[in-house]
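S.K.: Got work_7.cif for you, mmCIF, C-alpha atoms:
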```
data_start
#
loop_
_atom_site.label_atom_id
_atom_site.label_comp_id
_atom_site.auth_asym_id
_atom_site.auth_seq_id
_atom_site.Cartn_x
_atom_site.Cartn_y
_atom_site.Cartn_z
CA LYS A 57 26.45 109.52 57.74
CA ASN A 58 25.81 113.21 57.07
CA GLN A 59 24.21 113.61 53.68
CA VAL A 60 22.24 116.11 51.64
CA GLU A 61 19.91 114.82 48.94
CA GLN A 62 18.21 117.02 46.38
CA SER A 63 15.33 116.37 44.00
CA PRO A 64 14.62 116.50 41.21
CA GLN A 65 18.05 116.16 39.64
CA SER A 66 16.88 118.33 36.74
CA LEU A 67 13.78 120.32 35.88
CA ILE A 68 12.50 122.13 32.81
CA ILE A 69 9.75 124.72 33.14
CA LEU A 70 8.27 127.45 30.96
CA GLU A 71 8.97 131.08 31.64
CA GLY A 72 6.48 132.57 34.06
CA LYS A 73 5.69 129.29 35.79
CA ASN A 74 6.42 128.46 39.41
CA CYS A 75 8.49 125.55 40.66
CA THR A 76 9.62 123.93 43.90
CA LEU A 77 12.92 122.22 44.57
CA GLN A 78 13.42 119.78 47.42
CA CYS A 79 16.24 119.10 49.85
CA ASN A 80 16.42 116.33 52.46
CA TYR A 81 19.32 116.08 54.88
CA THR A 82 20.64 113.84 57.62
CA VAL A 83 23.24 116.27 58.98
CA SER A 84 23.40 116.32 62.75
CA PRO A 85 23.78 118.39 64.82
CA PHE A 86 22.19 120.98 62.59
CA SER A 87 23.34 124.60 62.43
CA ASN A 88 21.96 126.17 59.31
CA LEU A 89 20.75 125.46 55.78
CA ARG A 90 21.57 127.52 52.74
CA TRP A 91 20.35 127.59 49.18
CA TYR A 92 22.80 128.71 46.51
CA LYS A 93 22.34 129.51 42.84
CA GLN A 94 25.22 128.51 40.59
CA ASP A 95 25.34 129.66 36.99
CA THR A 96 27.31 127.48 34.60
CA GLY A 97 31.03 128.06 35.02
CA ARG A 98 30.57 130.41 37.97
CA GLY A 99 30.83 130.19 41.73
CA PRO A 100 27.69 129.66 43.86
CA VAL A 101 25.82 132.74 45.05
CA SER A 102 23.85 132.65 48.27
CA LEU A 103 20.06 132.97 48.05
CA THR A 104 18.94 132.25 51.61
CA ILE A 105 20.33 131.08 54.94
CA MET A 106 18.06 129.60 57.62
CA THR A 107 18.88 128.57 61.16
CA PHE A 108 17.03 126.03 63.30
CA SER A 109 14.38 128.47 64.47
CA GLU A 110 13.47 129.80 61.05
CA ASN A 111 10.69 128.19 59.01
CA THR A 112 10.70 130.39 55.95
CA LYS A 113 12.81 133.05 54.34
CA SER A 114 12.30 134.99 51.15
CA ASN A 115 14.64 136.71 48.75
CA GLY A 116 12.66 138.34 45.98
CA ARG A 117 11.01 135.61 43.92
CA TYR A 118 12.80 132.91 45.93
CA THR A 119 11.18 131.51 49.08
CA ALA A 120 12.85 128.82 51.15
CA THR A 121 11.16 126.73 53.82
CA LEU A 122 12.69 124.60 56.52
CA ASP A 123 11.19 121.80 58.62
CA ALA A 124 13.90 120.92 61.12
CA ASP A 125 11.82 118.08 62.54
CA THR A 126 11.57 116.17 59.28
CA LYS A 127 14.91 117.55 58.05
CA GLN A 128 13.45 118.86 54.84
CA SER A 129 13.73 122.11 52.98
CA SER A 130 12.25 123.47 49.80
CA LEU A 131 13.04 126.35 47.50
CA HIS A 132 10.06 127.87 45.69
CA ILE A 133 10.65 130.05 42.65
CA THR A 134 7.78 132.28 41.62
CA ALA A 135 7.14 133.61 38.11
CA SER A 136 10.31 132.08 36.68
CA GLN A 137 12.55 134.02 34.33
CA LEU A 138 15.06 132.86 31.74
CA SER A 139 17.83 134.07 34.05
CA ASP A 140 16.71 131.57 36.67
CA SER A 141 18.26 128.79 34.57
CA ALA A 142 21.05 127.51 36.80
CA SER A 143 21.95 124.82 39.31
CA TYR A 144 20.39 125.27 42.76
CA ILE A 145 22.44 123.79 45.56
CA CYS A 146 21.30 122.96 49.07
CA VAL A 147 24.04 123.19 51.71
CA VAL A 148 23.74 122.18 55.36
CA SER A 149 26.15 123.13 58.13
CA ASP A 150 26.65 121.16 61.33
CA ARG A 151 26.83 122.73 64.72
CA GLY A 152 29.74 120.70 65.94
CA SER A 153 32.54 122.54 64.27
CA THR A 154 33.91 126.04 64.69
CA LEU A 155 34.82 125.80 61.05
CA GLY A 156 31.16 125.55 60.08
CA ARG A 157 31.46 122.24 58.29
CA LEU A 158 29.36 122.26 55.15
CA TYR A 159 27.63 119.38 53.41
CA PHE A 160 26.69 119.98 49.79
CA GLY A 161 23.91 118.47 47.72
CA ARG A 162 24.51 117.73 44.06
CA GLY A 163 22.08 120.42 43.01
CA THR A 164 18.96 120.63 40.88
CA GLN A 165 19.62 121.81 37.34
CA LEU A 166 16.78 124.15 36.42
CA THR A 167 16.15 125.16 32.81
CA VAL A 168 13.60 127.85 32.02
CA TRP A 169 12.30 127.87 28.44
CA PRO A 170 10.72 130.87 26.73
CA GLU B 27 28.59 141.21 45.17
CA ALA B 28 31.28 139.39 47.12
CA ASP B 29 34.85 140.69 47.01
CA ILE B 30 36.58 137.39 46.35
CA TYR B 31 38.68 136.89 43.26
CA GLN B 32 40.24 133.96 41.46
CA THR B 33 42.78 133.89 38.67
CA PRO B 34 43.07 132.55 36.12
CA ARG B 35 39.45 131.86 35.22
CA TYR B 36 40.46 129.24 32.65
CA LEU B 37 43.72 127.33 32.33
CA VAL B 38 44.81 124.66 29.87
CA ILE B 39 48.18 123.15 30.71
CA GLY B 40 50.27 120.14 29.85
CA THR B 41 50.98 117.17 32.10
CA GLY B 42 53.82 117.64 34.54
CA LYS B 43 53.65 121.41 34.74
CA LYS B 44 53.55 123.26 38.05
CA ILE B 45 50.59 125.59 38.48
CA THR B 46 49.32 127.98 41.11
CA LEU B 47 45.70 129.02 41.31
CA GLU B 48 45.26 132.39 42.96
CA CYS B 49 42.52 133.39 45.38
CA SER B 50 42.18 136.67 47.20
CA GLN B 51 39.48 138.38 49.25
CA THR B 52 39.22 141.92 50.51
CA MET B 53 36.68 141.30 53.27
CA GLY B 54 39.18 140.47 56.01
CA HIS B 55 37.75 136.99 56.52
CA ASP B 56 39.86 134.58 58.55
CA LYS B 57 38.34 131.35 57.24
CA MET B 58 38.98 130.38 53.64
CA TYR B 59 38.34 127.23 51.63
CA TRP B 60 39.20 125.46 48.39
CA TYR B 61 36.63 123.20 46.76
CA GLN B 62 36.85 120.93 43.73
CA GLN B 63 33.77 120.43 41.58
CA ASP B 64 33.31 118.16 38.59
CA PRO B 65 30.43 118.86 36.16
CA GLY B 66 27.05 117.98 37.63
CA MET B 67 28.59 116.90 40.90
CA GLU B 68 28.68 118.37 44.40
CA LEU B 69 31.50 120.50 45.74
CA HIS B 70 34.21 118.66 47.63
CA LEU B 71 36.34 120.41 50.24
CA ILE B 72 40.07 119.92 49.53
CA HIS B 73 41.70 122.54 51.79
CA TYR B 74 40.74 125.07 54.42
CA SER B 75 42.36 127.68 56.61
CA TYR B 76 41.40 129.21 59.96
CA GLY B 77 43.72 132.15 59.43
CA VAL B 78 47.30 133.16 58.72
CA ASN B 79 49.73 130.21 58.92
CA SER B 80 46.86 127.78 59.45
CA THR B 81 45.99 125.25 56.75
CA GLU B 82 44.28 121.85 56.85
CA LYS B 83 43.37 119.19 54.34
CA GLY B 84 39.70 118.71 53.58
CA ASP B 85 37.53 115.70 52.92
CA LEU B 86 38.70 114.92 49.41
CA SER B 87 42.25 113.75 49.06
CA SER B 88 44.16 116.12 46.86
CA GLU B 89 47.72 116.29 45.62
CA SER B 90 47.58 120.05 45.79
CA THR B 91 49.03 122.22 48.55
CA VAL B 92 47.99 125.60 49.94
CA SER B 93 49.57 128.42 51.90
CA ARG B 94 48.19 131.30 53.98
CA ILE B 95 50.85 133.90 54.53
CA ARG B 96 48.43 136.84 54.41
CA THR B 97 44.80 136.98 55.47
CA GLU B 98 43.60 138.05 52.06
CA HIS B 99 45.53 135.52 50.00
CA PHE B 100 45.03 131.74 49.79
CA PRO B 101 46.81 130.24 46.75
CA LEU B 102 46.58 126.58 45.72
CA THR B 103 49.54 124.86 44.03
CA LEU B 104 49.85 121.67 41.99
CA GLU B 105 53.52 120.67 41.72
CA SER B 106 52.96 118.34 38.76
CA ALA B 107 49.64 118.57 36.97
CA ARG B 108 47.97 115.40 35.67
CA PRO B 109 44.84 114.84 33.54
CA SER B 110 43.06 113.60 36.68
CA HIS B 111 43.37 117.14 38.06
CA THR B 112 41.07 118.47 35.36
CA SER B 113 38.17 120.06 37.23
CA GLN B 114 36.71 123.32 38.44
CA TYR B 115 38.34 124.79 41.55
CA LEU B 116 36.32 127.16 43.73
CA CYS B 117 37.70 129.36 46.49
CA ALA B 118 35.48 130.66 49.28
CA SER B 119 35.66 132.65 52.49
CA LEU B 120 33.39 132.67 55.53
CA GLY B 121 31.93 135.89 56.86
CA SER B 122 29.67 136.60 59.80
CA SER B 123 26.17 135.12 60.04
CA TYR B 124 27.31 131.87 58.40
CA GLU B 125 27.59 133.59 55.03
CA GLN B 126 30.07 131.88 52.72
CA TYR B 127 31.23 133.80 49.70
CA PHE B 128 32.51 132.03 46.60
CA GLY B 129 34.88 133.20 43.93
CA PRO B 130 34.04 132.73 40.22
CA GLY B 131 36.15 129.58 39.99
CA THR B 132 39.08 128.38 37.90
CA ARG B 133 38.37 125.78 35.26
CA LEU B 134 41.52 123.70 34.88
CA THR B 135 42.19 121.36 31.97
CA VAL B 136 45.33 119.22 31.99
CA THR B 137 46.20 117.66 28.65
#
```
Can I see the file as structure tokens?
M.R.:
Amino acid sequence: KNQVEQSPQSLIILEGKNCTLQCNYTVSPFSNLRWYKQDTGRGPVSLTIMTFSENTKSNGRYTATLDADTKQSSLHITASQLSDSASYICVVSDRGSTLGRLYFGRGTQLTVWP
Amino acid sequence: EADIYQTPRYLVIGTGKKITLECSQTMGHDKMYWYQQDPGMELHLIHYSYGVNSTEKGDLSSESTVSRIRTEHFPLTLESARPSHTSQYLCASLGSSYEQYFGPGTRLTVT
């Protein structure tokens, strides 16, 4: 069964600190993995997209890694800001569909305190 | 910033009413999607479209219906709203390079 599991479910950190969010998936065949940021009551916004051949990708203070062999990904946030408080969702797409079938994790709810 | 729009943003409506949630995008994308998301839960695909006059049901069974008469427009309709339909509804479109763009969502409450 194709699944995407994220950990931790929630995380509280102090402003300025770093953190790492985890994503494990069983989706096969694999096409790409995306990390989204979703503010409360808003639609998700894409942070990074990685294909099979990519190991790391950065977007400002966000750095995502991908290990396609172990089917794991992480999202590292550097020097956190209050505006980073949001849900971070890991999404994996399979290669078998022209539609680009997406499998969503439940997200990690990050809270940054001053 | 993605050019995908949803209206209304918030809707409170009584049981039995017919409602249409609007979604439009100006990017010329053929593939569009509707997702349902409850608080703290993952997104569930309820409808998708390959293009004009093409619509399919998604993974999550839904009593809603969709239409795709124009590329830019993908409305979702509930013929008779029920409290179980209370949720957030997100519309999305798929661009090149696997990029999926989401609208801001419609938060629906059925009383």
S.K.: Evaluate the PyMOL selection byres ((chain B) within 6 of (chain A)) here and jot the selected residues down as a VMD selection string.
M.R.: chain B and resid 67 to 68 128 to 131
S.K.: Quick one: of B:Met53, B:Ala107, B:Met58, B:Cys117, who's nearest to B:Thr135, counting all atoms listed in the file?
M.R.: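 With all atoms listed in the file as the atom set, the closest residue is B:Ala107.
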S.K.: I'd like to see the residues matched by the PyMOL selection byres ((chain A and resi 170) around 7) on this file, and ideally I'd get them as a list of chain:residue names.
M.R.: A:Leu70, A:Glu71, A:Leu138, A:Val168, A:Trp169
S.K.: Please report the interatomic distance between atom CA of B:Leu69 and atom CA of B:Gln114 in Å with one decimal.
M.R.: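 Interatomic distance here is 9.4 Å.
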S.K.: What is the atom CA of A:Lys73-atom CA of A:Asn115 distance in Å, reported with one decimal?
M.R.: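 Spanning atom CA of A:Lys73 to atom CA of A:Asn115 is a straight-line distance of 17.4 Å.
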S.K.: Which value, in Å to one decimal, gives the distance between atom CA of A:His132 and atom CA of A:Thr119?
M.R.: 5.1 Å
S.K.: Any chance you could resolve the PyMOL selection byres ((chain A and resi 122) around 12) against this file and give the residues as a PyMOL selection string?
M.R.: chain A and resi 78-81+86+88-91+104-114+119-121+123-132+146+148
